[in-house]
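Colleague: Sharing coords.txt below, compact mmCIF, C-alpha atoms:
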```
# COMPACT_ATOMS: atom_id res chain seq x y z
CA LEU A 61 -4.50 -21.13 3.48
CA TYR A 62 -2.41 -19.48 6.19
CA PRO A 63 0.58 -21.31 7.71
CA ALA A 64 0.27 -22.84 11.15
CA GLY A 65 0.65 -20.28 13.89
CA THR A 66 -0.65 -17.38 11.80
CA SER A 67 -4.10 -16.03 11.12
CA GLY A 68 -5.58 -13.97 8.37
CA LYS A 69 -7.37 -10.91 9.66
CA SER A 70 -10.37 -9.90 7.59
CA SER A 71 -10.37 -6.36 6.27
CA PRO A 72 -13.44 -4.16 5.93
CA ALA A 73 -14.98 -4.03 2.49
CA CYS A 74 -13.19 -1.53 0.26
CA GLU A 75 -15.03 1.58 -0.78
CA PRO A 76 -16.66 1.10 -4.20
CA ALA A 77 -15.32 3.26 -6.97
CA GLY A 78 -18.58 4.82 -8.11
CA GLY A 79 -18.44 8.15 -9.91
CA THR A 80 -18.32 8.82 -13.61
CA ARG A 81 -15.75 7.01 -15.70
CA ARG A 82 -14.03 8.60 -18.64
CA HIS A 83 -12.90 6.11 -21.20
CA GLY A 84 -10.03 6.75 -23.53
CA SER A 85 -7.12 5.01 -25.12
CA LEU A 86 -3.61 5.09 -26.40
CA LEU A 87 -2.51 2.91 -29.31
CA GLY A 88 -5.50 0.66 -29.55
CA LEU A 89 -7.32 1.24 -26.26
CA GLY A 90 -10.48 2.58 -27.84
CA ARG A 91 -11.07 6.28 -28.56
CA LEU A 92 -8.68 9.00 -27.46
CA PRO A 93 -10.05 11.75 -25.21
CA PRO A 94 -10.04 15.34 -26.52
CA GLY A 95 -6.55 16.79 -26.61
CA ALA A 96 -4.77 13.47 -26.22
CA PRO A 97 -3.30 13.13 -29.76
CA SER A 98 -1.11 16.19 -29.38
CA LEU A 99 -0.01 14.96 -25.97
CA VAL A 100 0.85 11.51 -27.29
CA ALA A 101 2.91 13.04 -30.07
CA THR A 102 5.25 14.55 -27.47
CA MET A 103 5.73 11.35 -25.49
CA ARG A 104 8.73 9.08 -26.03
CA ALA A 105 6.67 6.01 -25.20
CA ALA A 106 2.98 5.29 -24.82
CA PRO A 107 0.97 2.33 -23.55
CA ARG A 108 0.25 -0.42 -26.04
CA PHE A 109 -2.68 -2.82 -25.82
CA LEU A 110 -1.93 -6.31 -27.16
CA PRO A 111 -5.09 -8.43 -27.53
CA GLY A 112 -4.44 -12.17 -27.53
CA PHE A 113 -0.73 -11.66 -26.93
CA ALA A 114 -0.52 -14.62 -24.53
CA ARG A 115 -3.16 -16.93 -25.96
CA ASP A 116 -0.53 -19.70 -26.22
CA TRP A 117 0.81 -19.27 -22.66
CA PRO A 118 0.15 -22.37 -20.52
CA ALA A 119 -2.42 -20.90 -18.11
CA VAL A 120 -4.41 -19.26 -20.91
CA ALA A 121 -4.31 -22.20 -23.33
CA SER A 122 -5.01 -24.84 -20.67
CA THR A 123 -8.01 -23.02 -19.18
CA ALA A 124 -9.57 -21.51 -22.30
CA GLY A 125 -13.33 -21.20 -21.93
CA LEU A 126 -13.35 -21.96 -18.20
CA PRO A 127 -14.73 -19.53 -15.63
CA PRO A 128 -12.02 -18.07 -13.37
CA HIS A 129 -12.76 -20.26 -10.34
CA GLU A 130 -12.40 -23.41 -12.43
CA ALA A 131 -9.24 -22.09 -14.06
CA MET A 132 -7.85 -21.55 -10.56
CA ARG A 133 -8.12 -25.29 -9.95
CA TRP A 134 -5.72 -25.88 -12.82
CA LEU A 135 -3.37 -23.22 -11.45
CA ALA A 136 -3.52 -24.69 -7.95
CA GLY A 137 -2.40 -28.03 -9.37
CA GLU A 138 0.50 -26.49 -11.28
CA LEU A 139 1.63 -24.48 -8.26
CA ALA A 140 1.41 -27.51 -5.96
CA ALA A 141 3.51 -29.55 -8.39
CA GLY A 142 6.05 -26.80 -9.13
CA ALA A 143 6.13 -24.73 -5.93
CA GLY A 144 5.47 -27.34 -3.26
CA ASP A 145 5.05 -25.73 0.13
CA LEU A 146 6.17 -22.25 -0.96
CA VAL A 147 5.00 -19.56 1.47
CA LEU A 148 5.19 -15.87 0.56
CA ASP A 149 3.85 -12.65 2.07
CA ALA A 150 0.45 -11.57 0.78
CA GLU A 151 -1.32 -8.25 1.24
CA VAL A 152 -4.55 -8.23 3.25
CA GLY A 153 -6.38 -4.93 2.81
CA CYS A 154 -7.81 -2.71 0.10
CA SER A 155 -4.37 -1.97 -1.40
CA TYR A 156 -0.70 -1.87 -0.45
CA LEU A 157 -1.26 1.62 0.98
CA ASP A 158 -3.20 0.22 3.94
CA ALA A 159 -2.56 -3.53 3.86
CA GLU A 160 -0.81 -5.77 6.34
CA LEU A 161 1.46 -8.57 5.16
CA VAL A 162 0.50 -12.12 6.07
CA PRO A 163 2.42 -15.28 5.08
CA VAL A 164 0.32 -17.43 2.78
CA SER A 165 0.81 -20.79 1.10
CA VAL A 166 0.92 -20.01 -2.63
CA PRO A 167 -0.74 -23.26 -3.87
CA ALA A 168 -3.35 -22.99 -1.11
CA LEU A 169 -4.22 -19.44 -2.18
CA ALA A 170 -4.99 -20.61 -5.72
CA ALA A 171 -7.07 -23.49 -4.32
CA TYR A 172 -8.95 -21.04 -2.08
CA LEU A 173 -9.73 -18.85 -5.11
CA SER A 174 -11.38 -21.83 -6.79
CA GLU A 175 -14.01 -21.94 -4.05
CA PRO A 176 -17.28 -19.93 -4.12
CA ARG A 177 -16.59 -18.44 -0.67
CA ALA A 178 -13.67 -16.47 -2.09
CA ALA A 179 -16.18 -14.28 -3.92
CA VAL A 180 -17.79 -13.04 -0.70
CA GLU A 181 -14.71 -12.77 1.52
CA ALA A 182 -13.20 -9.82 -0.34
CA PRO A 183 -10.72 -8.30 -0.32
CA GLY A 184 -8.92 -11.43 0.90
CA PRO A 185 -5.19 -12.12 0.55
CA TYR A 186 -3.41 -10.70 -2.50
CA LEU A 187 -0.08 -12.10 -3.63
CA ALA A 188 1.45 -9.01 -5.24
CA GLN A 189 4.62 -8.80 -7.35
CA ALA A 190 5.63 -12.23 -6.14
CA ASP A 191 8.96 -13.62 -7.33
CA LEU A 192 7.57 -17.07 -8.08
CA PHE A 193 10.18 -17.90 -10.70
CA ALA A 194 13.10 -16.75 -8.57
CA GLU A 195 11.81 -18.81 -5.64
CA ARG A 196 10.90 -21.85 -7.75
CA PRO A 197 12.69 -21.78 -11.16
CA GLY A 198 10.86 -24.96 -12.18
CA LEU A 199 7.63 -22.96 -12.46
CA ARG A 200 8.96 -21.30 -15.61
CA GLU A 201 8.34 -24.52 -17.54
CA ARG A 202 4.80 -24.73 -16.18
CA LEU A 203 3.66 -21.10 -16.53
CA LEU A 204 5.78 -19.53 -19.29
CA PRO A 205 5.86 -20.58 -22.96
CA PRO A 206 9.11 -22.12 -24.29
CA SER A 207 9.35 -19.29 -26.84
CA LEU A 208 10.27 -16.86 -24.04
CA THR A 209 13.28 -18.84 -22.81
CA ASP A 210 15.85 -17.21 -25.08
CA ARG A 211 13.87 -14.13 -26.09
CA THR A 212 15.86 -10.89 -25.88
CA PRO A 213 16.06 -8.28 -24.50
CA ARG A 214 15.36 -10.39 -21.43
CA PRO A 215 13.30 -8.78 -18.65
CA TYR A 216 15.27 -8.27 -15.48
CA ARG A 217 12.38 -9.56 -13.37
CA THR A 218 9.12 -11.47 -13.87
CA VAL A 219 6.55 -11.28 -11.07
CA ALA A 220 3.12 -12.74 -10.37
CA TRP A 221 -0.14 -11.27 -9.08
CA LEU A 222 -2.70 -13.65 -7.58
CA GLY A 223 -5.85 -12.84 -5.64
CA GLY A 224 -9.56 -12.23 -5.58
CA ALA A 225 -10.90 -8.66 -5.41
CA THR A 226 -7.41 -7.26 -6.01
CA SER A 227 -6.48 -3.61 -6.31
CA SER A 228 -3.26 -1.72 -6.99
CA PRO A 229 -3.69 2.02 -6.35
CA LEU A 230 -2.63 4.78 -8.70
CA HIS A 231 1.17 4.75 -8.92
CA HIS A 232 4.08 4.79 -11.32
CA ASP A 233 7.11 2.50 -11.62
CA PRO A 234 10.75 3.10 -12.59
CA TYR A 235 10.44 0.12 -14.94
CA ALA A 236 8.80 -0.60 -18.27
CA GLY A 237 6.26 -3.32 -17.62
CA LEU A 238 4.36 -5.83 -19.73
CA LEU A 239 1.23 -6.84 -17.79
CA VAL A 240 -0.02 -10.20 -19.11
CA GLN A 241 -3.43 -11.42 -17.97
CA GLN A 242 -3.63 -15.18 -17.39
CA ILE A 243 -6.89 -15.91 -15.52
CA GLY A 244 -9.85 -13.60 -14.96
CA ARG A 245 -10.14 -9.98 -16.06
CA LYS A 246 -8.54 -6.76 -14.87
CA ARG A 247 -9.40 -3.10 -15.34
CA CYS A 248 -6.48 -0.78 -15.99
CA ALA A 249 -6.51 3.02 -15.78
CA LEU A 250 -3.57 5.07 -17.04
CA LEU A 251 -2.45 8.69 -16.93
CA PRO A 252 0.55 10.12 -18.80
CA PRO A 253 3.41 11.36 -16.62
CA ASP A 254 3.64 14.88 -18.02
CA SER A 255 0.00 15.97 -18.19
CA PRO A 256 -1.36 18.80 -15.99
CA SER A 257 -3.58 16.28 -14.24
CA THR A 258 -0.69 14.11 -13.06
CA GLN A 259 1.55 17.06 -12.19
CA SER A 260 -0.98 18.07 -9.53
CA LEU A 261 -1.74 14.58 -8.21
CA PRO A 262 -1.67 14.42 -4.41
CA ARG A 263 0.96 11.96 -3.18
CA HIS A 264 0.29 9.37 -0.54
CA SER A 265 3.35 10.29 1.53
CA LEU A 266 6.95 11.43 1.25
CA LEU A 267 8.08 7.82 1.44
CA GLN A 268 5.58 6.73 -1.21
CA GLY A 269 5.79 9.64 -3.59
CA ASN A 270 5.14 7.33 -6.53
CA SER A 271 1.64 6.53 -5.17
CA SER A 272 -1.52 8.62 -4.97
CA PRO A 273 -4.77 8.20 -3.01
CA VAL A 274 -6.73 9.41 -6.06
CA ASP A 275 -9.00 6.78 -7.59
CA PRO A 276 -8.76 7.18 -11.39
CA PHE A 277 -11.81 4.96 -11.82
CA ALA A 278 -13.91 7.64 -10.08
CA PRO A 279 -12.59 11.02 -11.30
CA ARG A 280 -15.73 13.01 -10.42
CA ARG A 281 -15.75 11.84 -6.81
CA ASP A 282 -12.04 12.44 -6.34
CA THR A 283 -12.20 15.90 -7.86
CA GLU A 284 -14.43 16.72 -4.91
CA ARG A 285 -12.19 14.95 -2.40
CA TYR A 286 -9.00 16.56 -3.75
CA PRO A 287 -9.81 20.08 -5.06
CA ASP A 288 -6.30 20.53 -6.48
CA TYR A 289 -6.72 17.49 -8.69
CA PRO A 290 -8.42 18.43 -11.98
CA ALA A 291 -10.74 15.89 -13.57
CA ALA A 292 -8.51 13.74 -15.74
CA ALA A 293 -9.20 12.08 -19.07
CA VAL A 294 -8.41 8.63 -17.69
CA LEU A 295 -7.32 6.03 -20.22
CA GLU A 296 -9.10 2.82 -19.26
CA HIS A 297 -9.21 -0.70 -20.61
CA VAL A 298 -10.17 -4.21 -19.50
CA LEU A 299 -7.70 -7.05 -19.96
CA SER A 300 -9.20 -10.48 -20.60
CA GLU A 301 -7.36 -13.80 -20.50
CA GLY A 302 -4.46 -13.69 -22.94
CA ASP A 303 -4.42 -9.90 -23.35
CA ALA A 304 -1.40 -7.80 -22.43
CA LEU A 305 -0.68 -4.14 -21.77
CA LEU A 306 2.72 -2.52 -22.25
CA ILE A 307 3.14 0.25 -19.63
CA PRO A 308 6.09 2.62 -20.15
CA ARG A 309 8.25 3.87 -17.30
CA ARG A 310 6.70 6.50 -15.04
CA TRP A 311 3.23 6.27 -16.56
CA TRP A 312 0.70 6.48 -13.74
CA HIS A 313 -1.56 3.43 -13.61
CA ALA A 314 -4.04 1.68 -11.34
CA VAL A 315 -5.21 -1.91 -11.71
CA ARG A 316 -8.08 -3.82 -10.13
CA THR A 317 -9.99 -7.02 -10.67
CA ASP A 318 -12.90 -6.44 -13.03
CA ASP A 319 -16.38 -6.57 -11.48
CA SER A 320 -17.27 -9.53 -13.71
CA THR A 321 -14.82 -11.86 -11.97
CA PHE A 322 -13.65 -12.50 -8.42
CA ALA A 323 -10.34 -14.21 -9.13
CA SER A 324 -7.33 -13.09 -11.13
CA PHE A 325 -3.85 -14.29 -12.02
CA SER A 326 -1.45 -12.05 -13.91
CA LEU A 327 2.24 -11.90 -14.74
CA THR A 328 4.36 -8.79 -15.26
CA LEU A 329 7.66 -8.68 -17.11
CA TRP A 330 9.82 -5.71 -16.09
CA TRP A 331 12.71 -4.03 -17.89
CA ASP A 332 14.98 -1.67 -15.95
CA GLY A 333 17.31 1.19 -16.84
CA ALA A 334 17.29 4.19 -19.17
CA SER A 335 16.58 2.01 -22.24
CA ALA A 336 13.80 0.03 -20.56
CA ASP A 337 11.00 1.32 -22.83
CA ALA A 338 12.95 0.55 -26.00
CA GLU A 339 13.92 -2.91 -24.75
CA ALA A 340 10.35 -3.76 -23.80
CA GLU A 341 9.12 -2.65 -27.21
CA ARG A 342 11.79 -4.74 -28.96
CA PHE A 343 10.79 -7.75 -26.88
CA VAL A 344 7.12 -7.35 -27.76
CA ARG A 345 7.91 -6.81 -31.43
CA GLY A 346 10.04 -9.96 -31.48
CA VAL A 347 7.27 -12.04 -29.91
CA LEU A 348 4.68 -10.73 -32.37
CA GLU A 349 6.93 -11.32 -35.37
CA SER A 350 7.62 -14.87 -34.19
CA LYS A 351 3.89 -15.50 -33.79
CA GLU A 352 3.27 -14.15 -37.28
CA ARG A 353 5.87 -16.49 -38.77
CA ARG A 354 4.37 -19.48 -36.97
CA ASP A 355 0.86 -18.56 -38.05
CA GLU A 356 1.99 -18.08 -41.64
CA GLY A 357 3.74 -21.45 -41.57
CA ALA A 358 0.58 -23.10 -40.26
CA ARG A 359 -1.49 -21.46 -43.00
CA THR A 360 0.97 -22.65 -45.64
CA VAL A 361 0.88 -26.23 -44.37
CA GLY A 362 -2.93 -26.12 -44.25
CA ALA A 363 -3.12 -24.81 -47.81
CA GLU A 364 -0.78 -27.54 -49.06
CA ARG A 365 -2.85 -30.24 -47.40
CA ASN A 366 -6.09 -28.88 -48.79
CA GLY A 367 -4.53 -28.45 -52.20
```
Do you think you could lay out the structure here as structure tokens?
Modeller:
Amino acid sequence: LYPAGTSGKSSPACEPAGGTRRHGSLLGLGRLPPGAPSLVATMRAAPRFLPGFARDWPAVASTAGLPPHEAMRWLAGELAAGAGDLVLDAEVGCSYLDAELVPVSVPALAAYLSEPRAAVEAPGPYLAQADLFAERPGLRERLLPPSLTDRTPRPYRTVAWLGGATSSPLHHDPYAGLLVQQIGRKRCALLPPDSPSTQSLPRHSLLQGNSSPVDPFAPRRDTERYPDYPAAAVLEHVLSEGDALLIPRRWWHAVRTDDSTFASFSLTLWWDGASADAEAERFVRGVLESKERRDEGARTVGAERNG
């Protein structure tokens, strides 16, 4: 797993979330918490849940119905064929706020995640926001559908997330992001950027002012740990294979592997600049309209054959 001459240092088990969860939603993520509709009405952009968005993407279609560890075997094969001996830095720790970076063989990491021992060696290495397609352009043909090749507005960057018991702490990005789940399941918690709860969020440090030590999956516990942080109506959802979540710029969000799985592979498409939210929405709309046309064409052909 680790290149010769390096060693992976095990990290202590991460603190379980615990606490009381508050479930809510924006645009399809279940029921909205009290007061949220008026807040959403004032926002320029809001998260959008897209069930089955990527059901035709290679990793999702090729591993449909397989448990995550078996799906990782398929991914390991694709990475070995398309990435060769690619080595990238992976995080080892509970999150990037306390992790060390260790060089890891990308195909070997996927192979490791196909083994039962990966489930008990958490947190393990986490390949986070990895530029797989910049490092190995040939992987685009193996992991992205052909329909995305000429799709506009094109994302400025597409990154990968690969690991076991992975966790990204509460933070916000300067980009609009489309998180697309490929293998396994992930829990996502979101908070709007202009709510009283997020205005008073404690920051991790001056250098990481876009990150917070608050755990949105355990609001009751962290209200006690951080008295200035009011209990927030956290918007939470679980992404299964093929689902996607559109996250607007500067929306606070935290992501972690769901308890029902120990391995996860995700891709994020990012749009940058002042028009990032609008461009991401146009991209998603174009993909959905193209899918609808293909599905309608298939239904028409089926009807003609049956007729």
Colleague: Please list as a VMD selection string every residue within 9 Å of A:Leu204, counting only C-alpha atoms and excluding residues in the same chain fewer than 4 positions away.
Modeller: chain A and resid 117 to 119 199 to 200 208 to 209
Colleague: Need the shell around stretch 189-195 of chain A: protein/DNA/RNA residues with any atom at most 10 Å away, counting all atoms listed in the file. Skip same-chain ones fewer than 4 positions apart. Format as a ChimeraX atom specification?
Modeller: /A:139,142-143,146-150,166,199-201,203-204,217-222,326-328
Colleague: Rank A:Trp134, A:Tyr216, A:Tyr172, A:Tyr186 by their smallest atom-to-atom distance to A:Thr317, using all atoms listed in the file, and report the top residue only.
Modeller: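 Checking each of A:Trp134, A:Tyr216, A:Tyr172, A:Tyr186 against A:Thr317, counting all atoms listed in the file, the winner is A:Tyr186.
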Colleague: What lies within 7 Å of A:Arg316 using only C-alpha atoms, ignoring chain neighbours under 6 positions off, as a VMD selection string?
Modeller: chain A and resid 226 to 228 246 to 248
Colleague: Need the neighbours of (3.2, 6.3, -20.0): which residues are at most 7 Å away, counting only C-alpha atoms, as a list in words?
Modeller: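 Those residues, ordered by chain and then number, are Ala105, Ala106, Pro107, Leu251, Pro252, Pro253, Ile307, Pro308, Arg309, Arg310, Trp311 and Trp312 of chain A.
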Colleague: Would you mind reading off the distance between atom CA of A:Arg108 and atom CA of A:Glu352, one decimal, in Å?
Modeller: 18.0 Å
Colleague: Need the shell around A:Ala340: protein/DNA/RNA residues with any atom at most 9 Å away, counting only C-alpha atoms. Skip same-chain ones fewer than 2 positions apart. Format as a PyMOL selection string?
Modeller: chain A and resi 213-215+236-238+306+308+329-331+335-338+342-345
Colleague: Using all atoms listed in the file, can you tell me which of A:Thr258, A:Ser350, A:Asn366, A:Gly333 comes closest to A:His313?
Modeller: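 Of the candidates, the smallest distance to A:His313 is held by A:Thr258.
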Colleague: For the point (-5.5, 1.3, -17.2) in the file's frame, write as a count of residues only all residues with an atom no more than 6 Å away, counting all atoms listed in the file.
Modeller: 7
Colleague: Mind pulling up the distance from atom CA of A:Gly198 to atom CA of A:Ala141?
Modeller: 9.5 Å
Colleague: Counting only C-alpha atoms, which of A:Thr283, A:Ser155, A:Ser300, A:Ser320 gets nearest to A:Phe113?
Modeller: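 Residue with the minimum atom-to-atom distance to A:Phe113: A:Ser300.
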Colleague: To one decimal place in Å, what is the distance between atom CA of A:Asp275 and atom CA of A:Arg263?
Modeller: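 Atom-to-atom, atom CA of A:Asp275 to atom CA of A:Arg263, that is 12.1 Å.
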Colleague: Compare A:Gly184, A:Gly223, A:Gly137, A:Pro111 by their minimum atom-to-atom distance to A:Asp303, counting only C-alpha atoms, and give me the closest one.
Modeller: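 Of all the options, A:Pro111 lies closest to A:Asp303.
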Colleague: As a list of chain:residue names, please: the residues near A:Asp116 (cut-off 9 Å, all atoms listed in the file, same-chain neighbours under 5 positions excluded).
Modeller: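 Listed by chain and then number, they are A:Ala121, A:Ser122, A:Pro205, A:Gly302.
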Colleague: Measuring between only C-alpha atoms, which one of A:Ser165, A:Ser255, A:Ser324, A:Gln241 shows the shortest distance to A:Leu299?
Modeller: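 Of the candidates, the smallest distance to A:Leu299 is held by A:Gln241.
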